[in-house]
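First comes the structure, then the notes that go with it.
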Amino acid sequence: MDNLTCGKILVTGAAGFIGSALVAELNSRGYENIIVCDRLGKDEKFLNLIGLRFEEYFDGDDLLQALNGGNKLGLSCIFHLGACANTMERDCNYLMRNNYEYAKTLACFAVKNNVRFVYASSAATYGDGSNGTMDDEAQLETLRPLNMYAYSKHLFDLFAGKNKLPIYGVKFFNVFGPNEYHKGSMGSVAVKAYQSIVETGKVQLFKSRNPQYADGHQMRDFLYIKDALAMVIFLANVGGEANGRPTHGIYNVASGEAHTWVELVTPVFKAMGVPVDIEYIDMPVDLEAKYQYHTLGNIDKLRALGYGKKLFTLGEAVTDYVKNYLMPGNKRMQDVKSSFVSG
């Protein structure tokens, strides 16, 4: 059964980066049976919703009231992407309410009402990576997140695992691409590099404090938003036990390759036709102890589930992002659906 057509699709965090991109991609595939949810606050992320096609909008708090008493909205699938993703947030109570308790309430609703549930965990839950970055539920308790944001996500992963909830969790690695314009300092280095080149002609990267990595050669698993969305939508519709596939689990949403920061920003310069000019600056003291020098997401588990789509190379992804979304003047994804890749 197609979980995206037999009822309504709920997307939380729908005005955010990945959430709004997901709604745009669902629209491009012909889905408009969508209910969106977010907390718009006072910034300009509402702009990410303009032009998208959906049936109803709920504030985050109002949504829980609407779900109280049964599946009156007729949901068949929930993409729970809403969360406070600020790794520097210090209000632990807020993070627990927003990232942990809220996810528990939605997940329990979904399980009780037989609604497919795909939620955003985070690669940040892997901590410094010393205990590995394998998406293995049996190893969850060995992970040691480095900040409260990651810990709030980790706690929900543990809750879902211990209670054997039939839901899918996705650990997003370093996702970048259109619709992150509102994120400011939390935006990807790709978009910040573009903005810096426009303003100064150069890009600043952190010096390395680890002798194993040269300046700018700290490594990340960078994933283009178009690939991330294809993976998430695949999980929403992948078979179940009747197809010999698990109905639950945590999956890395990653490229499966690690690249340096230099390898990320160099294609930005090239796409803009500007000579490469990188300046290395000192890392903030409060970041040093929590800095990840290498992340890599193995996606063998997702491949084994049946995901076979070829991914963008890093160079292809950065070039597409810069030339088709950034250089024309920060065109938002909903204005360029024809160039958005489905599949």
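Please note that chains go A, B, ... in the order of the structure tokens, that every chain numbers its residues from 1, and that ligands are numbered from 1 in the order shown.
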DSSP says strand (DSSP E or B) for which residues of segment 72-197 of chain A? Put them as a PyMOL selection string?
chain A and resi 75-80+116-120+168-172+174-176
Dump as a tab-separated table (two decimals), in the first residue's frame, selection limited to N, CA and C atoms:
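What follows is the written file part-v7.tsv:
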chain	number	residue	atom	x	y	z
A	75	LEU	N	-4.56	10.83	8.88
A	75	LEU	CA	-3.16	10.69	8.50
A	75	LEU	C	-2.80	9.26	8.15
A	76	SER	N	-1.96	9.10	7.14
A	76	SER	CA	-1.40	7.78	6.82
A	76	SER	C	0.11	7.78	6.94
A	77	CYS	N	0.73	8.97	6.98
A	77	CYS	CA	2.19	9.05	7.08
A	77	CYS	C	2.58	10.34	7.79
A	78	ILE	N	3.54	10.24	8.69
A	78	ILE	CA	4.09	11.40	9.38
A	78	ILE	C	5.59	11.46	9.13
A	79	PHE	N	6.05	12.61	8.62
A	79	PHE	CA	7.48	12.91	8.56
A	79	PHE	C	7.75	13.89	9.69
A	80	HIS	N	8.35	13.41	10.77
A	80	HIS	CA	8.59	14.29	11.91
A	80	HIS	C	10.00	14.85	11.81
A	116	ARG	N	2.34	5.40	9.26
A	116	ARG	CA	3.78	5.30	9.03
A	116	ARG	C	4.48	6.52	9.62
A	117	PHE	N	5.59	6.29	10.33
A	117	PHE	CA	6.27	7.37	11.04
A	117	PHE	C	7.75	7.34	10.70
A	118	VAL	N	8.22	8.41	10.09
A	118	VAL	CA	9.64	8.57	9.77
A	118	VAL	C	10.10	9.83	10.48
A	119	TYR	N	11.10	9.71	11.35
A	119	TYR	CA	11.52	10.87	12.13
A	119	TYR	C	13.01	11.16	11.95
A	120	ALA	N	13.36	12.41	12.20
A	120	ALA	CA	14.74	12.85	12.07
A	120	ALA	C	15.48	12.66	13.38
A	168	TYR	N	10.59	4.41	11.63
A	168	TYR	CA	11.91	4.57	11.03
A	168	TYR	C	12.54	5.87	11.52
A	169	GLY	N	13.79	5.79	11.98
A	169	GLY	CA	14.56	6.98	12.33
A	169	GLY	C	15.67	7.18	11.32
A	170	VAL	N	15.94	8.42	10.97
A	170	VAL	CA	17.01	8.70	10.01
A	170	VAL	C	18.05	9.60	10.66
A	171	LYS	N	19.29	9.20	10.55
A	171	LYS	CA	20.39	10.00	11.09
A	171	LYS	C	21.00	10.81	9.95
A	172	PHE	N	20.56	12.06	9.86
A	172	PHE	CA	21.06	12.95	8.83
A	172	PHE	C	22.51	13.32	9.12
A	174	ASN	N	25.75	15.64	7.13
A	174	ASN	CA	25.85	17.06	6.80
A	174	ASN	C	25.08	17.37	5.52
A	175	VAL	N	23.79	17.64	5.67
A	175	VAL	CA	22.93	17.90	4.53
A	175	VAL	C	23.02	19.38	4.15
A	176	PHE	N	23.10	19.65	2.85
A	176	PHE	CA	23.14	21.03	2.37
A	176	PHE	C	22.31	21.14	1.11
Which residues come within 10 Å of segment 199-203 of chain A, counting only C-alpha atoms, excluding same-chain residues fewer than 6 positions away, as a VMD selection string?
chain A and resid 189 192 to 193 262 265 to 266 268 to 269 274 to 280
Written selection (C-alpha atoms) as a CSV table (one decimal), in the first residue's frame:
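Heads up, here's the output in part_1.csv:
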chain,number,residue,atom,x,y,z
A,189,VAL,CA,29.4,25.8,4.9
A,192,LYS,CA,28.1,30.4,3.8
A,193,ALA,CA,31.1,30.0,1.4
A,262,VAL,CA,38.5,22.2,1.2
A,265,VAL,CA,34.3,24.9,-0.9
A,266,THR,CA,36.6,24.5,-3.9
A,268,VAL,CA,31.9,26.8,-4.9
A,269,PHE,CA,34.8,29.0,-6.2
A,274,VAL,CA,36.4,32.9,-8.9
A,275,PRO,CA,40.0,31.9,-8.0
A,276,VAL,CA,40.3,29.7,-4.9
A,277,ASP,CA,41.2,31.8,-1.8
A,278,ILE,CA,41.0,30.2,1.6
A,279,GLU,CA,42.0,31.8,4.9
A,280,TYR,CA,42.4,29.6,8.0
Which residues of segment 168-244 of chain A come within 8 Å of segment 304-311 of chain A, and for each one, what is the closest pair of atoms and their distance in Å to one decimal, counting only C-alpha atoms, sorted by chain and residue number, as a tab-separated table?
residue	atom	partner	partner_atom	distance
A:Asp227	CA	A:Leu311	CA	6.2
A:Met231	CA	A:Tyr307	CA	7.3
A:Phe234	CA	A:Tyr307	CA	7.2
Create the file for the chosen residues now, containing N, CA and C atoms and written as a PDB file, in the first residue's frame.
ATOM      1  N   ASP A 227      19.336  14.088  -2.497  1.00  0.00           N
ATOM      2  CA  ASP A 227      19.542  12.687  -2.142  1.00  0.00           C
ATOM      3  C   ASP A 227      18.914  12.371  -0.790  1.00  0.00           C
ATOM      4  N   MET A 231      15.886   9.463  -0.056  1.00  0.00           N
ATOM      5  CA  MET A 231      16.044   8.397   0.941  1.00  0.00           C
ATOM      6  C   MET A 231      14.889   8.398   1.939  1.00  0.00           C
ATOM      7  N   PHE A 234      11.705   7.191   0.351  1.00  0.00           N
ATOM      8  CA  PHE A 234      11.813   5.740   0.167  1.00  0.00           C
ATOM      9  C   PHE A 234      11.393   5.012   1.443  1.00  0.00           C
TER      10      PHE A 234
END
Separation of atom CA of Lys72 of chain A from atom CA of Cys37 of chain A, in Å and rounded to one decimal
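It comes out at 15.8 Å.
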Tell me which of A:Met148, A:Tyr181, A:Arg53, A:Phe17 sits closest to Tyr194 of chain A, counting only C-alpha atoms.
A:Tyr181
Spatial neighbours of Ala21 of chain A, max dist 8 Å, only C-alpha atoms, sep filter under 5 positions, as a list in words
Pro178, Asn179, Ile225, Leu229 and Met333 of chain A
Ser152 of chain A: which residues within 7 Å, counting only C-alpha atoms, same-chain residues fewer than 2 positions away excluded, as a list in words?
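So the residues in contact are Leu95, Met96, Asn99, Tyr100, Met148, Tyr149, Ala150, His154, Leu155 and Phe156 of chain A.
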Using only C-alpha atoms: which of A:Phe312, A:Tyr57, A:Phe222, A:Tyr293 has the shortest distance to Glu263 of chain A:
A:Phe222
